[in-house]
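To start, the structure itself, in structure tokens.
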Amino acid sequence: MSVQPNAASPPLVSAVETAADLAVHLERVRLHRSELRESVAAVDLALEAPIARGGMWRERVRAALAELAHDFEDHVTLTEGPGGLYERLRHAAPRLSTPVDRLVAEHRELREVIHGYLTVLEHGGTIGDLPVFREELTVLVGRLVRHRRRGGDLVYEAYDVDLGGSE
């Protein structure tokens with residue numbers, strides 16, 4: 001017997017999600033997590049370069065940050081979009097709605113910060129103190145690592161599935 005969704009108001013997540021459907025979705029999440037991890041690591045690596053190189057340092061950081069911005073947008077779409085991870089989490093484990101809401105709020109904050117720094121780098125904004133700018137971006141990298149970790153913990157709590165550190 002199959003469950004038919006109400007035609008007047010289709011559910012956000014199908015009434016019956018098979019284990020196979022969930023496994024496919026979680027594999028997409030796992031693959032994307034790896035890409036996001038690599039983007040964060042690329043920013044961190046770019047920040048390690050000597051800032052005395054000036055324009056070359058800025059360009060390297062800008063390129064890494066642009067890739068991160070793109071991957072972060074994909075992350076938001078994959079997690080917050082219709083049928084996305086957070087919708088599935090809320091459906092599978094309603095008790096986790098508050099932590100999901102926190103992650104959504106972090107998305108808004110992180111997106112704003114990433115784009116703010118990227119705007120400065122892309123439009124030749126004046127960076128008065130490069131060491132301070134680098135430190136601010138290093139703090140951002142740490143925030144992204146912790147955000148990613150909280151998301152992985154949430155998936156584990158809901159589904160008993162380890163998304164892995166980088167695989």
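Residue numbering restarts at 1 for every chain of the structure tokens, chains are lettered A, B, ... in their displayed order, and ligands are numbered from 1 as they appear.
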
Any chance you could tabulate, as a tab-separated table, the residues of region 39-124 of chain A at most 9 Å from region 134-153 of chain A with each one's nearest atom pair and distance in Å to one decimal, using only C-alpha atoms, in chain and rising number order?
residue	atom	partner	partner_atom	distance
A:Val40	CA	A:Val141	CA	6.3
A:Ala41	CA	A:Val141	CA	8.1
A:Val43	CA	A:Val141	CA	7.5
A:Asp44	CA	A:Val141	CA	6.7
A:Leu47	CA	A:Arg134	CA	6.3
A:Glu48	CA	A:Arg134	CA	8.8
A:Ile51	CA	A:Arg134	CA	8.5
A:Pro99	CA	A:Arg150	CA	8.8
A:Val100	CA	A:Gly151	CA	8.3
A:Leu103	CA	A:His147	CA	7.3
A:Glu106	CA	A:His147	CA	7.6
A:His107	CA	A:His147	CA	8.9
A:Leu110	CA	A:Leu144	CA	7.7
A:Val113	CA	A:Leu140	CA	8.0
A:Ile114	CA	A:Leu140	CA	8.0
A:Tyr117	CA	A:Leu137	CA	8.0

- Query: So which bits of region 66-152 of chain A end up alpha helix (DSSP H) when you DSSP the backbone, as an NGL selection string?
  - Reply: :A and (66-80 or 85-92 or 97-122 or 130-152)

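Between CA of Ala20 (chain A) and CA of Glu38 (chain A) the interatomic distance comes to 27.3 Å.
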
- Message: Applying 8 Å and only C-alpha atoms, which residues near Arg33 (chain A) remain after dropping the ones on its own chain fewer than 4 positions away? List them as a VMD selection string.
- Response: chain A and resid 29 37 75 148 166

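Among the candidates A:His25, A:Arg58, A:Arg102, A:His91, the one nearest to Pro131 (chain A) when counting only C-alpha atoms is A:Arg58.
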
Residues near Arg62 (chain A), anyone? I mean within 9 Å using only C-alpha atoms, not counting same-chain ones fewer than 2 positions away, as a PDB file with C-alpha atoms, in the first residue's frame.
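Dumped everything to part30.pdb:
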ATOM      1  CA  VAL A  43      41.077  29.631   2.079  1.00  0.00           C
ATOM      2  CA  ALA A  46      45.817  30.973   0.990  1.00  0.00           C
ATOM      3  CA  TRP A  57      48.365  37.435  -1.527  1.00  0.00           C
ATOM      4  CA  ARG A  58      45.095  39.312  -2.044  1.00  0.00           C
ATOM      5  CA  GLU A  59      44.430  37.570  -5.362  1.00  0.00           C
ATOM      6  CA  ARG A  60      45.131  34.136  -3.939  1.00  0.00           C
ATOM      7  CA  ALA A  64      39.911  30.809  -2.670  1.00  0.00           C
ATOM      8  CA  LEU A  65      37.177  32.882  -1.034  1.00  0.00           C
ATOM      9  CA  ALA A  66      35.222  33.083  -4.320  1.00  0.00           C
ATOM     10  CA  GLU A  67      35.267  29.291  -4.575  1.00  0.00           C
ATOM     11  CA  TYR A 117      35.140  39.959   2.685  1.00  0.00           C
ATOM     12  CA  LEU A 118      34.867  38.881  -0.934  1.00  0.00           C
ATOM     13  CA  LEU A 121      38.872  41.769  -2.191  1.00  0.00           C
ATOM     14  CA  GLU A 122      37.057  41.891  -5.539  1.00  0.00           C
TER      15      GLU A 122
END

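Counting only C-alpha atoms, the residue from A:Leu85, A:Ala93, A:Val120, A:Ala69 that sits nearest to Val24 (chain A) is A:Leu85.
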